[in-house]
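Participant: protein_4.pdb (PDB, C-alpha atoms) pasted underneath:
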```pdb
ATOM      1  CA  MET G 197      98.971  25.409  61.252
ATOM      2  CA  VAL G 198      96.012  24.754  63.497
ATOM      3  CA  PRO G 199      92.716  24.957  61.628
ATOM      4  CA  PRO G 200      89.832  27.034  62.946
ATOM      5  CA  GLY G 201      88.413  24.038  64.760
ATOM      6  CA  GLY G 202      91.719  23.885  66.542
ATOM      7  CA  GLY G 203      93.395  24.595  69.842
ATOM      8  CA  GLY G 204      91.266  24.771  72.939
ATOM      9  CA  ALA G 205      88.338  22.829  71.442
ATOM     10  CA  MET G 206      86.769  20.335  73.854
ATOM     11  CA  ALA G 207      83.961  17.854  73.566
ATOM     12  CA  VAL G 208      83.360  18.335  77.311
ATOM     13  CA  PRO G 209      85.589  20.118  79.858
ATOM     14  CA  GLY G 210      88.710  18.049  80.358
ATOM     15  CA  ASN G 211      88.467  16.004  77.128
ATOM     16  CA  LEU G 212      90.609  17.380  74.327
ATOM     17  CA  ALA G 213      89.292  16.823  70.826
ATOM     18  CA  SER G 214      91.174  14.597  68.398
ATOM     19  CA  PRO G 215      93.599  16.569  66.176
ATOM     20  CA  GLY G 216      92.480  14.633  63.092
ATOM     21  CA  LEU G 217      88.808  15.455  63.651
ATOM     22  CA  ARG G 218      89.675  19.073  64.382
ATOM     23  CA  ILE G 219      91.367  19.292  60.996
ATOM     24  CA  VAL G 220      88.269  17.889  59.310
ATOM     25  CA  GLY G 221      86.030  20.298  61.224
ATOM     26  CA  GLY G 222      88.263  23.194  60.242
ATOM     27  CA  LEU G 223      88.200  22.091  56.626
ATOM     28  CA  ILE G 224      84.396  22.201  56.656
ATOM     29  CA  ASP G 225      84.506  25.783  57.927
ATOM     30  CA  VAL G 226      87.084  26.731  55.291
ATOM     31  CA  ILE G 227      84.906  25.260  52.539
ATOM     32  CA  LEU G 228      81.839  27.197  53.717
ATOM     33  CA  LEU G 229      83.741  30.467  53.989
ATOM     34  CA  GLY G 230      85.584  29.795  50.730
ATOM     35  CA  ILE G 231      82.286  29.577  48.862
ATOM     36  CA  VAL G 232      81.140  32.949  50.185
ATOM     37  CA  ALA G 233      84.546  34.592  49.655
ATOM     38  CA  GLY G 234      84.781  33.214  46.120
ATOM     39  CA  ILE G 235      81.361  34.561  45.178
ATOM     40  CA  ILE G 236      82.167  37.979  46.636
ATOM     41  CA  ASN G 237      85.530  38.106  44.858
ATOM     42  CA  ARG G 238      83.833  37.150  41.618
ATOM     43  CA  LEU G 239      81.256  39.919  41.991
ATOM     44  CA  ILE G 240      83.682  42.734  42.852
ATOM     45  CA  ASN G 241      86.326  41.530  40.340
ATOM     46  CA  ASP G 242      89.230  42.639  42.548
ATOM     47  CA  GLN G 243      92.291  42.676  40.293
ATOM     48  CA  ARG G 244      94.927  43.601  42.886
ATOM     49  CA  GLY G 245      93.578  41.379  45.627
ATOM     50  CA  PHE G 246      93.775  43.993  48.420
ATOM     51  CA  ILE G 247      90.009  44.360  48.766
ATOM     52  CA  SER G 248      89.631  40.572  48.798
ATOM     53  CA  LEU G 249      92.109  40.304  51.685
ATOM     54  CA  VAL G 250      90.191  42.877  53.726
ATOM     55  CA  ILE G 251      86.821  41.271  52.977
ATOM     56  CA  GLY G 252      88.248  37.846  53.783
ATOM     57  CA  LEU G 253      89.576  39.086  57.134
ATOM     58  CA  VAL G 254      86.243  40.655  58.097
ATOM     59  CA  LEU G 255      84.284  37.611  56.939
ATOM     60  CA  TYR G 256      86.434  35.040  58.743
ATOM     61  CA  VAL G 257      86.766  37.011  61.978
ATOM     62  CA  ALA G 258      83.034  37.794  62.139
ATOM     63  CA  TYR G 259      82.114  34.172  61.434
ATOM     64  CA  PHE G 260      84.339  32.644  64.105
ATOM     65  CA  ALA G 261      83.857  35.443  66.647
ATOM     66  CA  TYR G 262      80.096  34.947  66.569
ATOM     67  CA  PHE G 263      80.022  31.152  66.639
ATOM     68  CA  TRP G 264      82.841  30.707  69.164
ATOM     69  CA  SER G 265      81.512  33.320  71.607
ATOM     70  CA  GLN G 266      77.782  32.643  71.279
ATOM     71  CA  ARG G 267      77.630  28.894  70.653
ATOM     72  CA  GLY G 268      81.101  27.715  71.543
ATOM     73  CA  GLN G 269      81.493  25.979  68.192
ATOM     74  CA  SER G 270      81.558  26.733  64.479
ATOM     75  CA  VAL G 271      79.515  24.842  61.908
ATOM     76  CA  GLY G 272      82.384  22.455  61.196
ATOM     77  CA  MET G 273      82.814  21.762  64.912
ATOM     78  CA  MET G 274      79.080  21.079  65.332
ATOM     79  CA  VAL G 275      79.475  18.014  63.133
ATOM     80  CA  PHE G 276      81.723  16.384  65.752
ATOM     81  CA  GLY G 277      80.334  18.030  68.896
ATOM     82  CA  PHE G 278      83.448  20.101  69.640
ATOM     83  CA  LYS G 279      83.319  23.270  71.714
ATOM     84  CA  VAL G 280      85.839  26.049  72.299
ATOM     85  CA  ARG G 281      86.239  26.940  75.960
ATOM     86  CA  ASP G 282      88.286  29.443  77.904
ATOM     87  CA  GLN G 283      91.302  27.664  79.388
ATOM     88  CA  ALA G 284      90.898  29.412  82.739
ATOM     89  CA  THR G 285      87.129  29.429  83.259
ATOM     90  CA  GLY G 286      85.982  26.487  81.151
ATOM     91  CA  GLN G 287      83.251  28.702  79.626
ATOM     92  CA  PHE G 288      82.817  29.911  76.071
ATOM     93  CA  PRO G 289      85.318  32.664  75.207
ATOM     94  CA  ASP G 290      84.026  36.231  75.193
ATOM     95  CA  LEU G 291      83.575  38.113  71.925
ATOM     96  CA  GLY G 292      86.931  39.883  72.120
ATOM     97  CA  LYS G 293      88.890  36.707  72.764
ATOM     98  CA  ALA G 294      87.013  34.853  70.036
ATOM     99  CA  ALA G 295      87.694  37.684  67.563
ATOM    100  CA  LEU G 296      91.393  37.703  68.502
ATOM    101  CA  ARG G 297      91.542  33.939  67.953
ATOM    102  CA  GLY G 298      89.956  34.429  64.510
ATOM    103  CA  VAL G 299      92.455  37.175  63.577
ATOM    104  CA  VAL G 300      95.435  35.025  64.592
ATOM    105  CA  TRP G 301      94.082  32.088  62.621
ATOM    106  CA  TYR G 302      93.515  34.239  59.510
ATOM    107  CA  LEU G 303      97.054  35.624  59.712
ATOM    108  CA  GLU G 304      98.375  32.055  59.946
ATOM    109  CA  VAL G 305      96.494  31.207  56.756
ATOM    110  CA  LEU G 306      97.956  34.233  54.950
ATOM    111  CA  ALA G 307     101.467  33.390  56.172
ATOM    112  CA  VAL G 308     101.234  29.834  54.886
ATOM    113  CA  ALA G 309      99.735  30.973  51.576
ATOM    114  CA  ALA G 310     102.512  33.553  51.112
ATOM    115  CA  VAL G 311     105.320  30.992  51.462
ATOM    116  CA  GLY G 312     105.807  28.664  48.553
ATOM    117  CA  PRO G 313     107.833  27.992  45.395
ATOM    118  CA  THR G 314     107.922  30.600  42.694
ATOM    119  CA  ALA G 315     105.348  29.762  40.043
ATOM    120  CA  THR G 316     106.512  28.411  36.713
ATOM    121  CA  GLY G 317     106.897  31.207  34.215
ATOM    122  CA  ASP G 318     107.547  33.863  36.867
ATOM    123  CA  PRO G 319     109.613  36.608  35.261
ATOM    124  CA  ARG G 320     112.001  36.399  38.214
ATOM    125  CA  GLN G 321     113.082  32.935  37.146
ATOM    126  CA  GLY G 322     116.022  32.655  34.815
ATOM    127  CA  ARG G 323     116.390  36.419  34.411
ATOM    128  CA  ARG G 324     119.858  37.472  33.289
ATOM    129  CA  HIS G 325     121.368  40.913  32.932
ATOM    130  CA  TYR G 326     123.749  41.683  30.118
ATOM    131  CA  SER G 327     124.325  45.345  30.868
ATOM    132  CA  HIS G 328     128.088  44.947  30.243
ATOM    133  CA  HIS G 329     127.904  42.363  27.470
ATOM    134  CA  GLU G 330     125.164  43.592  25.178
ATOM    135  CA  LEU G 331     125.836  43.343  21.450
ATOM    136  CA  SER G 332     125.522  46.600  19.595
ATOM    137  CA  SER G 333     123.961  46.834  16.170
ATOM    138  CA  GLN G 334     126.232  49.800  15.314
ATOM    139  CA  PRO G 335     129.616  49.110  13.674
ATOM    140  CA  PRO G 336     132.743  49.849  15.731
ATOM    141  CA  PRO G 337     134.263  53.325  15.287
ATOM    142  CA  PRO G 338     137.028  53.541  12.713
ATOM    143  CA  PRO G 339     140.617  53.499  14.022
ATOM    144  CA  PRO G 340     142.568  56.754  14.109
ATOM    145  CA  GLY G 341     144.396  57.862  11.004
ATOM    146  CA  GLY G 342     141.506  57.907   8.583
ATOM    147  CA  TYR G 343     141.963  54.283   7.559
ATOM    148  CA  THR G 344     138.694  52.442   7.219
ATOM    149  CA  PRO G 345     138.989  48.681   7.749
ATOM    150  CA  PRO G 346     137.502  46.390   5.152
ATOM    151  CA  PRO G 347     133.965  45.195   5.836
ATOM    152  CA  PRO G 348     133.658  41.875   7.650
ATOM    153  CA  PRO G 349     132.978  38.869   5.492
ATOM    154  CA  SER G 350     129.296  38.208   5.104
ATOM    155  CA  MET G 351     127.898  34.961   6.367
ATOM    156  CA  PRO G 352     126.529  32.602   3.743
ATOM    157  CA  PRO G 353     122.752  32.172   3.767
ATOM    158  CA  PRO G 354     121.392  29.044   5.446
ATOM    159  CA  PRO G 355     121.057  26.068   3.145
ATOM    160  CA  GLN G 356     117.664  25.793   1.515
ATOM    161  CA  SER G 357     115.638  22.644   1.744
ATOM    162  CA  PRO G 358     115.270  20.841  -1.604
ATOM    163  CA  TYR G 359     111.546  20.974  -0.940
ATOM    164  CA  GLY G 360     111.559  24.739  -0.431
ATOM    165  CA  GLY G 361     110.684  26.825   2.575
ATOM    166  CA  GLY G 362     114.103  26.873   4.264
ATOM    167  CA  TYR G 363     114.122  26.323   8.029
ATOM    168  CA  ALA G 364     110.684  26.127   9.580
ATOM    169  CA  PRO G 365     110.392  28.164  12.780
ATOM    170  CA  GLN G 366     110.021  26.064  15.890
ATOM    171  CA  ALA G 367     106.656  26.462  17.575
ATOM    172  CA  TYR G 368     106.207  26.277  21.330
ATOM    173  CA  ALA G 369     102.890  25.188  22.764
ATOM    174  CA  ALA G 370     101.395  27.342  25.513
ATOM    175  CA  GLN G 371     101.370  25.805  28.963
ATOM    176  CA  PRO G 372      97.863  24.760  30.069
ATOM    177  CA  VAL G 373      96.259  26.529  33.009
ATOM    178  CA  TYR G 374      94.616  23.993  35.313
ATOM    179  CA  GLY G 375      91.444  24.862  37.182
ATOM    180  CA  GLY G 376      92.094  25.459  40.881
ATOM    181  CA  PHE G 377      90.422  23.543  43.686
ATOM    182  CA  TRP G 378      88.334  26.381  45.125
ATOM    183  CA  ILE G 379      87.023  27.697  41.823
ATOM    184  CA  ARG G 380      86.000  24.150  40.873
ATOM    185  CA  PHE G 381      84.361  23.726  44.262
ATOM    186  CA  VAL G 382      82.216  26.838  43.771
ATOM    187  CA  ALA G 383      81.289  25.599  40.283
ATOM    188  CA  ILE G 384      80.179  22.190  41.609
ATOM    189  CA  VAL G 385      78.090  23.902  44.301
ATOM    190  CA  ILE G 386      76.302  25.879  41.587
ATOM    191  CA  ASP G 387      75.753  22.659  39.632
ATOM    192  CA  GLY G 388      74.359  21.051  42.785
ATOM    193  CA  ILE G 389      71.835  23.869  43.184
ATOM    194  CA  ILE G 390      70.759  23.490  39.557
ATOM    195  CA  ILE G 391      70.362  19.726  39.925
ATOM    196  CA  ALA G 392      68.476  20.091  43.214
ATOM    197  CA  ILE G 393      65.627  22.001  41.538
ATOM    198  CA  PRO G 394      64.219  19.093  39.460
ATOM    199  CA  ILE G 395      64.918  16.629  42.287
ATOM    200  CA  ILE G 396      62.880  18.739  44.722
ATOM    201  CA  VAL G 397      60.075  19.019  42.180
ATOM    202  CA  VAL G 398      60.001  15.233  41.736
ATOM    203  CA  ALA G 399      60.054  14.669  45.516
ATOM    204  CA  VAL G 400      57.143  17.061  46.047
ATOM    205  CA  ILE G 401      55.103  15.410  43.304
ATOM    206  CA  VAL G 402      55.768  11.901  44.631
ATOM    207  CA  GLY G 403      55.074  12.952  48.236
ATOM    208  CA  ALA G 404      51.833  14.690  47.313
ATOM    209  CA  THR G 405      50.696  11.677  45.293
ATOM    210  CA  ILE G 406      51.323   9.291  48.194
ATOM    211  CA  GLY G 407      49.564  11.595  50.650
ATOM    212  CA  PHE G 408      46.530  11.997  48.413
ATOM    213  CA  THR G 409      46.319   8.278  47.694
ATOM    214  CA  SER G 410      46.666   7.315  51.359
ATOM    215  CA  ALA G 411      43.973   9.781  52.390
ATOM    216  CA  SER G 412      41.535   8.674  49.702
ATOM    217  CA  GLN G 413      41.961   4.965  50.514
ATOM    218  CA  ASN G 414      41.926   5.438  54.298
ATOM    219  CA  ALA G 415      45.261   3.630  54.551
ATOM    220  CA  THR G 416      46.655   2.627  57.913
ATOM    221  CA  THR G 417      49.758   4.192  59.387
ATOM    222  CA  GLN G 418      51.793   1.087  58.547
ATOM    223  CA  GLN G 419      50.656   1.178  54.931
ATOM    224  CA  THR G 420      51.407   4.882  54.677
ATOM    225  CA  ASN G 421      54.916   4.395  56.098
ATOM    226  CA  ALA G 422      55.594   1.532  53.695
ATOM    227  CA  ALA G 423      54.465   3.670  50.772
ATOM    228  CA  ALA G 424      56.611   6.567  51.975
ATOM    229  CA  ASN G 425      59.686   4.325  52.216
ATOM    230  CA  GLY G 426      59.084   3.068  48.703
ATOM    231  CA  ALA G 427      58.667   6.623  47.429
ATOM    232  CA  THR G 428      61.906   7.658  49.112
ATOM    233  CA  GLY G 429      63.747   4.902  47.266
ATOM    234  CA  ILE G 430      62.217   6.024  43.978
ATOM    235  CA  VAL G 431      63.211   9.653  44.567
ATOM    236  CA  GLN G 432      66.774   8.653  45.452
ATOM    237  CA  LEU G 433      67.041   6.546  42.317
ATOM    238  CA  LEU G 434      65.695   9.387  40.176
ATOM    239  CA  ALA G 435      68.162  11.767  41.851
ATOM    240  CA  ILE G 436      71.074   9.575  40.798
ATOM    241  CA  VAL G 437      69.688   9.340  37.267
ATOM    242  CA  ILE G 438      69.299  13.128  37.059
ATOM    243  CA  GLN G 439      72.829  13.689  38.375
ATOM    244  CA  ALA G 440      74.315  11.154  35.992
ATOM    245  CA  GLY G 441      72.461  12.561  33.009
ATOM    246  CA  TYR G 442      73.421  16.137  33.841
ATOM    247  CA  PHE G 443      77.138  15.591  34.391
ATOM    248  CA  ILE G 444      77.676  13.011  31.655
ATOM    249  CA  TYR G 445      75.900  15.187  29.082
ATOM    250  CA  PHE G 446      77.668  18.439  29.951
ATOM    251  CA  TRP G 447      81.104  16.900  30.587
ATOM    252  CA  SER G 448      81.001  15.287  27.140
ATOM    253  CA  ARG G 449      80.269  18.770  25.753
ATOM    254  CA  GLY G 450      83.190  20.270  27.690
ATOM    255  CA  GLN G 451      81.668  22.068  30.665
ATOM    256  CA  THR G 452      78.684  22.146  33.001
ATOM    257  CA  LEU G 453      76.608  25.270  33.603
ATOM    258  CA  GLY G 454      78.515  25.994  36.807
ATOM    259  CA  MET G 455      81.867  25.535  35.082
ATOM    260  CA  ARG G 456      80.809  27.856  32.281
ATOM    261  CA  LEU G 457      80.604  30.790  34.704
ATOM    262  CA  PHE G 458      84.317  30.425  35.524
ATOM    263  CA  ARG G 459      85.534  29.349  32.057
ATOM    264  CA  LEU G 460      86.383  25.839  33.219
ATOM    265  CA  ARG G 461      86.281  22.838  30.911
ATOM    266  CA  VAL G 462      86.934  19.102  31.167
ATOM    267  CA  VAL G 463      89.372  17.722  28.584
ATOM    268  CA  ASP G 464      91.405  14.606  27.921
ATOM    269  CA  ALA G 465      94.581  14.587  30.024
ATOM    270  CA  ASN G 466      96.787  13.679  27.043
ATOM    271  CA  THR G 467      95.241  15.406  24.033
ATOM    272  CA  TYR G 468      93.476  18.318  25.773
ATOM    273  CA  GLN G 469      90.482  17.637  23.546
ATOM    274  CA  PRO G 470      86.840  17.249  24.686
ATOM    275  CA  ILE G 471      86.093  13.851  26.203
ATOM    276  CA  SER G 472      83.728  11.240  24.862
ATOM    277  CA  VAL G 473      80.487  10.114  26.481
ATOM    278  CA  GLY G 474      82.165   6.877  27.610
ATOM    279  CA  LYS G 475      84.954   8.759  29.371
ATOM    280  CA  ALA G 476      82.361  11.053  30.975
ATOM    281  CA  VAL G 477      80.582   7.955  32.346
ATOM    282  CA  VAL G 478      83.860   6.678  33.826
ATOM    283  CA  ARG G 479      84.528  10.108  35.354
ATOM    284  CA  PHE G 480      81.072  10.164  36.959
ATOM    285  CA  ILE G 481      81.625   6.724  38.508
ATOM    286  CA  GLY G 482      85.058   7.854  39.706
ATOM    287  CA  TYR G 483      83.447  10.944  41.222
ATOM    288  CA  TYR G 484      81.269   8.779  43.456
ATOM    289  CA  ILE G 485      84.295   6.683  44.412
ATOM    290  CA  SER G 486      86.242   9.856  45.299
ATOM    291  CA  ALA G 487      83.390  11.111  47.484
ATOM    292  CA  LEU G 488      82.793   7.814  49.296
ATOM    293  CA  VAL G 489      86.247   7.796  50.904
ATOM    294  CA  CYS G 490      85.543  10.799  53.151
ATOM    295  CA  TYR G 491      85.851  13.078  50.076
ATOM    296  CA  ILE G 492      89.605  12.481  50.046
ATOM    297  CA  GLY G 493      89.526  11.776  46.314
ATOM    298  CA  LEU G 494      87.988  15.200  45.668
ATOM    299  CA  ILE G 495      90.265  17.081  48.084
ATOM    300  CA  TRP G 496      93.220  15.412  46.339
ATOM    301  CA  ALA G 497      92.862  17.967  43.520
ATOM    302  CA  ALA G 498      93.994  20.741  45.878
ATOM    303  CA  PHE G 499      97.456  19.167  46.246
ATOM    304  CA  ASP G 500      97.962  17.485  42.878
ATOM    305  CA  GLY G 501     100.341  19.087  40.384
ATOM    306  CA  ARG G 502      97.773  18.958  37.567
ATOM    307  CA  LYS G 503      94.822  19.590  39.914
ATOM    308  CA  GLN G 504      93.463  16.101  39.287
ATOM    309  CA  GLY G 505      91.112  14.406  41.707
ATOM    310  CA  TRP G 506      90.836  10.641  41.817
ATOM    311  CA  HIS G 507      87.966  10.771  39.334
ATOM    312  CA  ASP G 508      90.215  12.689  36.921
ATOM    313  CA  LYS G 509      92.987  10.120  37.277
ATOM    314  CA  ILE G 510      90.554   7.234  36.831
ATOM    315  CA  ALA G 511      89.067   8.725  33.659
ATOM    316  CA  GLY G 512      92.280  10.327  32.364
ATOM    317  CA  THR G 513      90.946  13.897  32.397
ATOM    318  CA  VAL G 514      92.008  17.339  33.588
ATOM    319  CA  VAL G 515      90.121  20.578  34.167
ATOM    320  CA  LEU G 516      91.468  23.649  32.371
ATOM    321  CA  GLN G 517      90.622  27.290  32.949
ATOM    322  CA  GLY G 518      90.520  29.974  30.311
TER
END
```
Could you write out this structure as structure tokens?
Facilitator:
Amino acid sequence: MVPPGGGGAMAVPGNLASPGLRIVGGLIDVILLGIVAGIINRLINDQRGFISLVIGLVLYVAYFAYFWSQRGQSVGMMVFGFKVRDQATGQFPDLGKAALRGVVWYLEVLAVAAVGPTATGDPRQGRRHYSHHELSSQPPPPPPGGYTPPPPPSMPPPPQSPYGGGYAPQAYAAQPVYGGFWIRFVAIVIDGIIIAIPIIVVAVIVGATIGFTSASQNATTQQTNAAANGATGIVQLLAIVIQAGYFIYFWSRGQTLGMRLFRLRVVDANTYQPISVGKAVVRFIGYYISALVCYIGLIWAAFDGRKQGWHDKIAGTVVLQG
């Protein structure tokens, strides 16, 4: 499947864009649209999914039709300087051609999403029909001649345990439901917005303080720039401290504010119990490691069987939903 930053994209006429970078550009577009689609789906609470499919089609086609026809590139393509051009004219495609390209791409996504293994627990798995071999609870009819056969011998009761209680019924634990990649992504975006509020407040306070101090002391441009660079370092350090405090605190309590909206929670991968503060610290460090490698460690959760990113594997955690 070619992602939306795909076929026909050119950095300049005659130079075809790298397939690997096109995939990354397409992934950026999918993430942006996935956030909007997830929020809309959450608001309308579409149980059957039909309305979500229609809204998704309109959203995706409108997004790509506008950007491809008016600017020649989507947001994800802007990162790498790609442009979509008409193969015959070398110009940006017109609105109709761009919309058609968006429709084809969306149908490709639906086709790929529709093909896959049957989910565990699907009622179609292991279903057997015993229409000709069902056991009846009624006794067989008596034979002709009025003779009634003797009753069948009764089975002896199961042996009782010397400690009482007989046979204990065997309990089966419910299978855990792991939090999906996209729902976790929307939750982390919400957490990012919450964290950004105090960081912005701190940055404004520090910036205003430096500006007021520089103006009152008639500082030179070089002194003002040096002070601004120092303030930037302080704000960045405080941002890391705020992030660490937020995630470590809420993860150790089970869920962040963003996760709470979607009933997600972080638990130990083996015991499914809430994690300790120490394990939350390890998970936070692993989160930075996962993001540093081109976010591959975070995207890993989309393809992992237990929906674990690298930070989950490092800390021994999973994210459950419900």
Participant: Could you please determine the separation between CA of Ile471 (chain G) and CA of His507 (chain G) in Å, to one decimal place?
Facilitator: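 CA of His507 (chain G) lies 13.6 Å from CA of Ile471 (chain G).
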Participant: Calculated over all atoms listed in the file, which of the candidates G:Arg267, G:Ala258, G:Arg456, G:Met273 has the smallest distance to Gly292 (chain G)?
Facilitator: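 With all atoms listed in the file as the atom set, the closest residue is G:Ala258.
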Participant: Taking the file as shown, what set of residues would the PyMOL selection byres ((chain G and resi 493) around 12) give back, as a ChimeraX atom specification?
Facilitator: /G:482-492,494-500,503-510
Participant: Nearest to Ile430 (chain G) among G:Val250, G:Met455, G:Val515, G:Val402, with distances taken over only C-alpha atoms: which residue is it?
Facilitator: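 Among the listed residues, the smallest separation from Ile430 (chain G) belongs to G:Val402.
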Participant: Distance CA of Val373 (chain G)-CA of Leu516 (chain G), one decimal place?
Facilitator: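 Those two atoms sit 5.6 Å apart.
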Participant: CA of Leu291 (chain G) to CA of Tyr262 (chain G): how many Å, to one decimal?
Facilitator: 7.1 Å
Participant: Restricting the calculation to all atoms listed in the file, which member of G:Val477, G:Val462, G:Val299, G:Leu253 is positioned closest to Gln439 (chain G)?
Facilitator: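 Closest residue, counting all atoms listed in the file: G:Val477.
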Participant: So, counting all atoms listed in the file, which residue among G:Lys293, G:Arg449, G:Arg281, G:Arg459 is closest to Arg380 (chain G)?
Facilitator: G:Arg459
Participant: I need the residue set behind the PyMOL selection byres ((chain G and resi 463) around 12) for this file; please write it as an MDAnalysis selection string.
Facilitator: chainID G and resid 372 374:375 446:451 460:462 464:473 475:476 479 504 508 511:517
Participant: Counting all atoms listed in the file, what is within 12 Å of Phe458 (chain G), bar same-chain residues fewer than 6 positions away, as a PyMOL selection string?
Facilitator: chain G and resi 234-235+238-239+375-376+378-384+386+451-452+515-518
Participant: Would you be able to write out as a ChimeraX atom specification which residues have an atom within 8 Å of (84.0, 19.3, 62.7) in the file's coordinates, counting all atoms listed in the file?
Facilitator: /G:201,217-224,271-278
Participant: Save the residues we just selected, C-alpha atoms, as a short mmCIF file (atom, residue, chain, number, x, y, z; two decimals), in the coordinates of the input?
Facilitator:
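And here's selection.cif as it stands now:
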```cif
data_model
loop_
_atom_site.label_atom_id
_atom_site.label_comp_id
_atom_site.auth_asym_id
_atom_site.auth_seq_id
_atom_site.Cartn_x
_atom_site.Cartn_y
_atom_site.Cartn_z
CA GLY G 201 88.41 24.04 64.76
CA LEU G 217 88.81 15.46 63.65
CA ARG G 218 89.68 19.07 64.38
CA ILE G 219 91.37 19.29 61.00
CA VAL G 220 88.27 17.89 59.31
CA GLY G 221 86.03 20.30 61.22
CA GLY G 222 88.26 23.19 60.24
CA LEU G 223 88.20 22.09 56.63
CA ILE G 224 84.40 22.20 56.66
CA VAL G 271 79.52 24.84 61.91
CA GLY G 272 82.38 22.46 61.20
CA MET G 273 82.81 21.76 64.91
CA MET G 274 79.08 21.08 65.33
CA VAL G 275 79.47 18.01 63.13
CA PHE G 276 81.72 16.38 65.75
CA GLY G 277 80.33 18.03 68.90
CA PHE G 278 83.45 20.10 69.64
#
```
Participant: Determine the nearest neighbour of Phe377 (chain G) from the options G:Ile406, G:Arg502, G:Asp225, G:Ile391, counting only C-alpha atoms.
Facilitator: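 Closest residue, counting only C-alpha atoms: G:Arg502.
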Participant: Which residues fall under the PyMOL selection byres ((chain G and resi 298) around 7) in this file, as a PyMOL selection string?
Facilitator: chain G and resi 256-257+260-261+294-297+299-302
Participant: Which residue out of G:Gly426, G:Gly441, G:Gly268, G:Gly230 has the minimum interatomic distance to Gly252 (chain G) when only C-alpha atoms are used?
Facilitator: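 Of the candidates, the smallest distance to Gly252 (chain G) is held by G:Gly230.
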